[in-house]
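Coordinates as given in query-v2.tsv (TSV, N, CA, C and O atoms):
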```tsv
chain	number	residue	atom	x	y	z
A	1	MET	N	0.84	-1.19	0.00
A	1	MET	CA	0.00	0.00	0.00
A	1	MET	C	0.89	1.25	0.00
A	1	MET	O	1.82	1.35	0.79
A	2	ASN	N	0.61	2.17	-0.88
A	2	ASN	CA	1.36	3.41	-0.98
A	2	ASN	C	0.69	4.48	-0.12
A	2	ASN	O	-0.53	4.55	-0.06
A	3	ARG	N	1.51	5.31	0.53
A	3	ARG	CA	0.92	6.36	1.36
A	3	ARG	C	1.63	7.68	1.14
A	3	ARG	O	2.79	7.71	0.74
A	4	ARG	N	0.92	8.75	1.42
A	4	ARG	CA	1.49	10.10	1.36
A	4	ARG	C	1.83	10.54	2.78
A	4	ARG	O	1.10	10.21	3.72
A	5	LEU	N	2.90	11.28	2.92
A	5	LEU	CA	3.27	11.81	4.22
A	5	LEU	C	2.43	13.04	4.54
A	5	LEU	O	2.20	13.88	3.66
A	6	ALA	N	2.00	13.16	5.78
A	6	ALA	CA	1.32	14.38	6.24
A	6	ALA	C	2.40	15.42	6.55
A	6	ALA	O	3.59	15.10	6.67
A	7	GLU	N	2.01	16.69	6.69
A	7	GLU	CA	2.99	17.71	7.04
A	7	GLU	C	3.68	17.35	8.35
A	7	GLU	O	3.04	16.96	9.32
A	8	TYR	N	4.98	17.48	8.35
A	8	TYR	CA	5.87	17.18	9.47
A	8	TYR	C	5.82	15.71	9.90
A	8	TYR	O	6.13	15.37	11.03
A	9	GLU	N	5.49	14.85	8.95
A	9	GLU	CA	5.62	13.41	9.16
A	9	GLU	C	6.92	12.98	8.48
A	9	GLU	O	7.29	13.52	7.44
A	10	GLU	N	7.60	12.03	9.07
A	10	GLU	CA	8.89	11.60	8.57
A	10	GLU	C	8.89	10.08	8.43
A	10	GLU	O	8.28	9.37	9.23
A	11	VAL	N	9.59	9.59	7.43
A	11	VAL	CA	9.80	8.17	7.25
A	11	VAL	C	11.31	7.95	7.23
A	11	VAL	O	12.06	8.77	6.71
A	12	ALA	N	11.76	6.85	7.86
A	12	ALA	CA	13.19	6.57	7.94
A	12	ALA	C	13.42	5.08	7.74
A	12	ALA	O	12.61	4.25	8.15
A	13	GLY	N	14.57	4.76	7.14
A	13	GLY	CA	14.94	3.36	6.96
A	13	GLY	C	15.83	3.20	5.74
A	13	GLY	O	16.20	4.17	5.09
A	14	PRO	N	16.14	1.96	5.42
A	14	PRO	CA	16.96	1.71	4.24
A	14	PRO	C	16.17	2.03	2.97
A	14	PRO	O	15.02	1.61	2.83
A	15	PHE	N	16.79	2.79	2.08
A	15	PHE	CA	16.15	3.18	0.83
A	15	PHE	C	16.37	2.06	-0.18
A	15	PHE	O	17.48	1.80	-0.61
A	16	LYS	N	15.29	1.40	-0.55
A	16	LYS	CA	15.37	0.21	-1.40
A	16	LYS	C	15.15	0.51	-2.88
A	16	LYS	O	15.29	-0.37	-3.70
A	17	GLY	N	14.80	1.73	-3.21
A	17	GLY	CA	14.60	2.10	-4.60
A	17	GLY	C	13.28	2.83	-4.81
A	17	GLY	O	12.56	3.12	-3.86
A	18	TYR	N	12.99	3.12	-6.07
A	18	TYR	CA	11.78	3.85	-6.40
A	18	TYR	C	11.29	3.43	-7.78
A	18	TYR	O	12.00	2.80	-8.55
A	19	ARG	N	10.06	3.82	-8.07
A	19	ARG	CA	9.48	3.63	-9.40
A	19	ARG	C	8.61	4.83	-9.71
A	19	ARG	O	8.12	5.51	-8.80
A	20	MET	N	8.44	5.10	-10.99
A	20	MET	CA	7.58	6.20	-11.41
A	20	MET	C	6.16	5.66	-11.55
A	20	MET	O	5.96	4.56	-12.04
A	21	ASP	N	5.19	6.42	-11.08
A	21	ASP	CA	3.79	6.04	-11.15
A	21	ASP	C	2.99	7.25	-11.57
A	21	ASP	O	2.70	8.12	-10.73
A	22	ASN	N	2.64	7.34	-12.85
A	22	ASN	CA	1.95	8.51	-13.42
A	22	ASN	C	2.79	9.76	-13.18
A	22	ASN	O	3.91	9.84	-13.63
A	23	GLU	N	2.29	10.71	-12.43
A	23	GLU	CA	2.99	11.96	-12.18
A	23	GLU	C	3.71	11.96	-10.83
A	23	GLU	O	4.16	13.01	-10.38
A	24	SER	N	3.80	10.82	-10.18
A	24	SER	CA	4.43	10.72	-8.87
A	24	SER	C	5.58	9.72	-8.89
A	24	SER	O	5.77	8.98	-9.83
A	25	LEU	N	6.32	9.72	-7.81
A	25	LEU	CA	7.40	8.79	-7.59
A	25	LEU	C	7.02	7.98	-6.36
A	25	LEU	O	6.55	8.56	-5.36
A	26	VAL	N	7.16	6.68	-6.40
A	26	VAL	CA	6.86	5.84	-5.24
A	26	VAL	C	8.18	5.27	-4.75
A	26	VAL	O	8.84	4.50	-5.44
A	27	ALA	N	8.60	5.70	-3.54
A	27	ALA	CA	9.87	5.27	-2.96
A	27	ALA	C	9.63	4.20	-1.91
A	27	ALA	O	8.70	4.32	-1.10
A	28	LYS	N	10.46	3.19	-1.92
A	28	LYS	CA	10.37	2.11	-0.92
A	28	LYS	C	11.45	2.38	0.13
A	28	LYS	O	12.64	2.33	-0.15
A	29	ILE	N	10.98	2.71	1.35
A	29	ILE	CA	11.89	3.01	2.46
A	29	ILE	C	11.55	2.04	3.57
A	29	ILE	O	10.47	2.11	4.16
A	30	GLY	N	12.46	1.12	3.83
A	30	GLY	CA	12.15	0.04	4.77
A	30	GLY	C	11.00	-0.76	4.20
A	30	GLY	O	11.03	-1.18	3.05
A	31	SER	N	9.95	-0.94	4.98
A	31	SER	CA	8.79	-1.69	4.51
A	31	SER	C	7.66	-0.79	4.04
A	31	SER	O	6.57	-1.25	3.76
A	32	ILE	N	7.93	0.52	3.94
A	32	ILE	CA	6.90	1.50	3.59
A	32	ILE	C	7.11	2.03	2.18
A	32	ILE	O	8.24	2.37	1.80
A	33	SER	N	6.04	2.12	1.42
A	33	SER	CA	6.07	2.75	0.10
A	33	SER	C	5.43	4.13	0.22
A	33	SER	O	4.28	4.24	0.63
A	34	VAL	N	6.20	5.16	-0.12
A	34	VAL	CA	5.76	6.54	0.06
A	34	VAL	C	5.61	7.22	-1.29
A	34	VAL	O	6.51	7.13	-2.14
A	35	ILE	N	4.51	7.92	-1.48
A	35	ILE	CA	4.27	8.69	-2.71
A	35	ILE	C	4.91	10.06	-2.54
A	35	ILE	O	4.61	10.78	-1.58
A	36	LEU	N	5.78	10.41	-3.48
A	36	LEU	CA	6.53	11.66	-3.42
A	36	LEU	C	6.43	12.40	-4.75
A	36	LEU	O	6.10	11.79	-5.77
A	37	PRO	N	6.77	13.69	-4.76
A	37	PRO	CA	6.79	14.42	-6.02
A	37	PRO	C	7.88	13.86	-6.96
A	37	PRO	O	8.94	13.43	-6.51
A	38	LYS	N	7.59	13.89	-8.23
A	38	LYS	CA	8.49	13.36	-9.24
A	38	LYS	C	9.85	14.06	-9.24
A	38	LYS	O	10.87	13.44	-9.53
A	39	ASP	N	9.88	15.35	-8.86
A	39	ASP	CA	11.14	16.09	-8.90
A	39	ASP	C	12.15	15.65	-7.83
A	39	ASP	O	13.30	16.08	-7.84
A	40	LEU	N	11.78	14.77	-6.90
A	40	LEU	CA	12.73	14.25	-5.91
A	40	LEU	C	13.61	13.13	-6.48
A	40	LEU	O	14.55	12.70	-5.83
A	41	GLU	N	13.31	12.68	-7.69
A	41	GLU	CA	14.08	11.59	-8.28
A	41	GLU	C	15.58	11.90	-8.31
A	41	GLU	O	16.40	11.06	-7.96
A	42	LYS	N	15.95	13.12	-8.70
A	42	LYS	CA	17.37	13.48	-8.79
A	42	LYS	C	18.07	13.41	-7.43
A	42	LYS	O	19.24	13.09	-7.35
A	43	ASP	N	17.34	13.69	-6.34
A	43	ASP	CA	17.91	13.61	-5.00
A	43	ASP	C	18.02	12.17	-4.51
A	43	ASP	O	18.96	11.81	-3.79
A	44	LEU	N	17.05	11.34	-4.88
A	44	LEU	CA	17.00	9.97	-4.38
A	44	LEU	C	17.87	9.00	-5.16
A	44	LEU	O	18.38	8.02	-4.60
A	45	ARG	N	18.05	9.23	-6.44
A	45	ARG	CA	18.77	8.29	-7.31
A	45	ARG	C	20.10	7.81	-6.71
A	45	ARG	O	20.35	6.61	-6.66
A	46	PRO	N	20.98	8.69	-6.21
A	46	PRO	CA	22.28	8.21	-5.70
A	46	PRO	C	22.22	7.59	-4.29
A	46	PRO	O	23.23	7.15	-3.77
A	47	LEU	N	21.04	7.56	-3.68
A	47	LEU	CA	20.94	7.11	-2.29
A	47	LEU	C	20.50	5.65	-2.13
A	47	LEU	O	20.32	5.19	-1.00
A	48	ALA	N	20.33	4.92	-3.22
A	48	ALA	CA	19.88	3.53	-3.13
A	48	ALA	C	20.81	2.73	-2.22
A	48	ALA	O	22.03	2.82	-2.31
A	49	GLY	N	20.22	1.99	-1.30
A	49	GLY	CA	20.99	1.16	-0.38
A	49	GLY	C	21.40	1.86	0.90
A	49	GLY	O	21.86	1.22	1.84
A	50	LYS	N	21.25	3.17	0.98
A	50	LYS	CA	21.62	3.91	2.19
A	50	LYS	C	20.42	4.06	3.11
A	50	LYS	O	19.29	3.97	2.69
A	51	ARG	N	20.71	4.31	4.39
A	51	ARG	CA	19.64	4.60	5.36
A	51	ARG	C	19.34	6.10	5.25
A	51	ARG	O	20.24	6.91	5.38
A	52	ILE	N	18.07	6.42	5.00
A	52	ILE	CA	17.69	7.82	4.80
A	52	ILE	C	16.46	8.17	5.62
A	52	ILE	O	15.77	7.29	6.14
A	53	THR	N	16.21	9.47	5.71
A	53	THR	CA	14.94	9.98	6.23
A	53	THR	C	14.38	10.95	5.20
A	53	THR	O	15.14	11.64	4.51
A	54	ILE	N	13.07	11.00	5.12
A	54	ILE	CA	12.38	12.00	4.30
A	54	ILE	C	11.34	12.65	5.19
A	54	ILE	O	10.49	11.98	5.76
A	55	LEU	N	11.43	13.96	5.33
A	55	LEU	CA	10.52	14.75	6.15
A	55	LEU	C	9.71	15.66	5.23
A	55	LEU	O	10.28	16.38	4.41
A	56	ARG	N	8.40	15.63	5.37
A	56	ARG	CA	7.55	16.57	4.64
A	56	ARG	C	7.34	17.80	5.51
A	56	ARG	O	7.06	17.67	6.71
A	57	THR	N	7.49	18.98	4.93
A	57	THR	CA	7.35	20.22	5.69
A	57	THR	C	6.25	21.09	5.10
A	57	THR	O	5.63	20.74	4.10
A	58	ASP	N	6.04	22.26	5.71
A	58	ASP	CA	5.13	23.25	5.14
A	58	ASP	C	5.91	24.43	4.57
A	58	ASP	O	5.34	25.47	4.27
A	59	ILE	N	7.20	24.26	4.39
A	59	ILE	CA	8.05	25.31	3.83
A	59	ILE	C	7.86	25.33	2.31
A	59	ILE	O	8.14	24.34	1.64
A	60	PRO	N	7.35	26.43	1.76
A	60	PRO	CA	7.04	26.46	0.32
A	60	PRO	C	8.23	26.13	-0.58
A	60	PRO	O	8.06	25.51	-1.61
A	61	THR	N	9.43	26.54	-0.20
A	61	THR	CA	10.59	26.30	-1.06
A	61	THR	C	11.27	24.96	-0.79
A	61	THR	O	12.18	24.59	-1.52
A	62	GLN	N	10.86	24.25	0.24
A	62	GLN	CA	11.48	22.96	0.57
A	62	GLN	C	10.43	22.04	1.20
A	62	GLN	O	10.43	21.77	2.39
A	63	ARG	N	9.52	21.55	0.37
A	63	ARG	CA	8.41	20.72	0.86
A	63	ARG	C	8.87	19.40	1.45
A	63	ARG	O	8.21	18.85	2.32
A	64	TYR	N	9.98	18.86	0.95
A	64	TYR	CA	10.52	17.59	1.45
A	64	TYR	C	12.00	17.76	1.74
A	64	TYR	O	12.72	18.35	0.94
A	65	ILE	N	12.45	17.23	2.87
A	65	ILE	CA	13.87	17.26	3.22
A	65	ILE	C	14.35	15.81	3.27
A	65	ILE	O	13.79	14.99	4.00
A	66	VAL	N	15.38	15.52	2.48
A	66	VAL	CA	15.95	14.18	2.42
A	66	VAL	C	17.32	14.22	3.09
A	66	VAL	O	18.14	15.09	2.79
A	67	ARG	N	17.54	13.29	4.03
A	67	ARG	CA	18.83	13.22	4.73
A	67	ARG	C	19.33	11.79	4.72
A	67	ARG	O	18.55	10.85	4.77
A	68	VAL	N	20.65	11.63	4.71
A	68	VAL	CA	21.27	10.32	4.86
A	68	VAL	C	21.59	10.15	6.34
A	68	VAL	O	22.13	11.06	6.97
A	69	ILE	N	21.22	8.99	6.87
A	69	ILE	CA	21.53	8.69	8.27
A	69	ILE	C	22.92	8.08	8.32
A	69	ILE	O	23.18	7.06	7.70
A	70	SER	N	23.81	8.71	9.06
A	70	SER	CA	25.18	8.23	9.16
A	70	SER	C	25.24	7.02	10.08
A	70	SER	O	24.79	7.06	11.21
A	71	ASP	N	25.82	5.93	9.58
A	71	ASP	CA	25.98	4.73	10.40
A	71	ASP	C	26.86	5.01	11.61
A	71	ASP	O	26.66	4.46	12.68
A	72	GLU	N	27.84	5.90	11.45
A	72	GLU	CA	28.76	6.20	12.55
A	72	GLU	C	28.01	6.80	13.73
A	72	GLU	O	28.26	6.47	14.88
A	73	LYS	N	27.06	7.68	13.48
A	73	LYS	CA	26.28	8.29	14.56
A	73	LYS	C	25.45	7.24	15.28
A	73	LYS	O	25.23	7.34	16.46
A	74	MET	N	25.01	6.24	14.56
A	74	MET	CA	24.15	5.23	15.15
A	74	MET	C	24.93	4.22	16.00
A	74	MET	O	24.38	3.59	16.86
A	75	ARG	N	26.23	4.09	15.76
A	75	ARG	CA	27.04	3.12	16.50
A	75	ARG	C	27.33	3.54	17.93
A	75	ARG	O	27.60	2.73	18.77
A	76	TYR	N	27.32	4.83	18.21
A	76	TYR	CA	27.72	5.33	19.51
A	76	TYR	C	26.56	6.03	20.19
A	76	TYR	O	26.36	7.22	20.01
A	77	PRO	N	25.78	5.30	20.99
A	77	PRO	CA	24.65	5.95	21.68
A	77	PRO	C	25.15	6.99	22.66
A	77	PRO	O	26.25	6.88	23.21
A	78	LEU	N	24.34	8.02	22.87
A	78	LEU	CA	24.73	9.09	23.79
A	78	LEU	C	24.82	8.59	25.22
A	78	LEU	O	25.66	9.03	25.99
A	79	GLU	N	23.93	7.70	25.59
A	79	GLU	CA	23.94	7.17	26.96
A	79	GLU	C	23.83	5.66	26.90
A	79	GLU	O	23.15	5.12	26.06
A	80	SER	N	24.49	5.01	27.83
A	80	SER	CA	24.36	3.56	27.89
A	80	SER	C	23.04	3.21	28.57
A	80	SER	O	22.44	4.02	29.27
A	81	GLU	N	22.60	1.98	28.37
A	81	GLU	CA	21.35	1.54	28.97
A	81	GLU	C	21.42	1.62	30.50
A	81	GLU	O	20.47	2.00	31.16
A	82	SER	N	22.60	1.29	31.08
A	82	SER	CA	22.71	1.32	32.54
A	82	SER	C	22.60	2.74	33.08
A	82	SER	O	21.99	2.96	34.12
A	83	SER	N	23.15	3.74	32.36
A	83	SER	CA	23.04	5.12	32.86
A	83	SER	C	21.61	5.62	32.75
A	83	SER	O	21.16	6.41	33.57
A	84	ILE	N	20.88	5.16	31.74
A	84	ILE	CA	19.47	5.53	31.63
A	84	ILE	C	18.69	4.92	32.79
A	84	ILE	O	17.86	5.58	33.42
A	85	GLN	N	18.96	3.65	33.10
A	85	GLN	CA	18.27	2.99	34.21
A	85	GLN	C	18.59	3.68	35.54
A	85	GLN	O	17.73	3.85	36.38
A	86	GLU	N	19.85	4.12	35.72
A	86	GLU	CA	20.23	4.84	36.94
A	86	GLU	C	19.47	6.17	37.04
A	86	GLU	O	19.02	6.55	38.12
A	87	SER	N	19.33	6.86	35.91
A	87	SER	CA	18.60	8.13	35.91
A	87	SER	C	17.14	7.94	36.28
A	87	SER	O	16.56	8.71	37.03
A	88	ILE	N	16.54	6.85	35.77
A	88	ILE	CA	15.15	6.55	36.10
A	88	ILE	C	15.02	6.23	37.57
A	88	ILE	O	14.10	6.69	38.25
A	89	ALA	N	15.97	5.47	38.12
A	89	ALA	CA	15.93	5.11	39.55
A	89	ALA	C	16.08	6.37	40.42
A	89	ALA	O	15.44	6.49	41.46
A	90	ASP	N	16.92	7.31	40.00
A	90	ASP	CA	17.10	8.55	40.74
A	90	ASP	C	15.83	9.39	40.78
A	90	ASP	O	15.59	10.13	41.73
A	91	MET	N	15.03	9.30	39.73
A	91	MET	CA	13.80	10.08	39.65
A	91	MET	C	12.71	9.53	40.55
A	91	MET	O	11.81	10.24	40.95
A	92	ALA	N	12.79	8.23	40.88
A	92	ALA	CA	11.73	7.59	41.68
A	92	ALA	C	11.77	7.98	43.13
A	92	ALA	O	12.59	8.54	43.69
```
Let me see whether you can do it: turn the structure in this file into structure tokens.
Amino acid sequence: MNRRLAEYEEVAGPFKGYRMDNESLVAKIGSISVILPKDLEKDLRPLAGKRITILRTDIPTQRYIVRVISDEKMRYPLESESSIQESIADMA
């Protein structure tokens, strides 16, 4: 099932590719197929296989923001699970 993003809704995951469908582009991101404007093709074409996010905005000059998620940022969490648990215990 293909879906459109609402304003300020974001989809994230591995970009598996896209296909053209009439006047739209249908991008497969993770397990979700998202309907996007055709003019995003030039931005998405080189990103196949990468982890990306697409955010829909209400900004007239930038309706969609496409970002690549850096694997390096994901490898190093800001806090360890034990420090989070300690913080929760301190709050109780």
Among listed residues A:Met20, A:Leu55, A:Leu44, A:Val66, nearest A:Glu7 (using only N, CA, C and O atoms): A:Leu55
Would you mind reading off the distance between atom O of A:Ile32 and atom C of A:Tyr8, one decimal, in Å? 15.8 Å
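One distance worth recording is that between atom CA of A:Phe15 and atom CA of A:Ile29, which is 4.6 Å.
Each of A:Asp39, A:Ala48, A:Val26, A:Arg67 was compared to A:Ala12 using only N, CA, C and O atoms, and A:Arg67 turns out to be the nearest.
The smallest atom-to-atom distance between A:Lys42 and any of A:Val11, A:Ala6, A:Thr61, A:Tyr18, using only C-alpha atoms, is found for A:Tyr18.
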Have a look at A:Arg56, A:Arg3, A:Arg51, A:Arg19 and name the one nearest to A:Ile69; count all atoms listed in the file. A:Arg51
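The coordinates place atom O of A:Arg63 at 14.7 Å from atom C of A:Glu41.
The shell of residues at most 7 Å from A:Asn2, with only C-alpha atoms counted and near chain neighbours (fewer than 5 positions) removed, consists of Ser33, Val34 and Ile35 of chain A.
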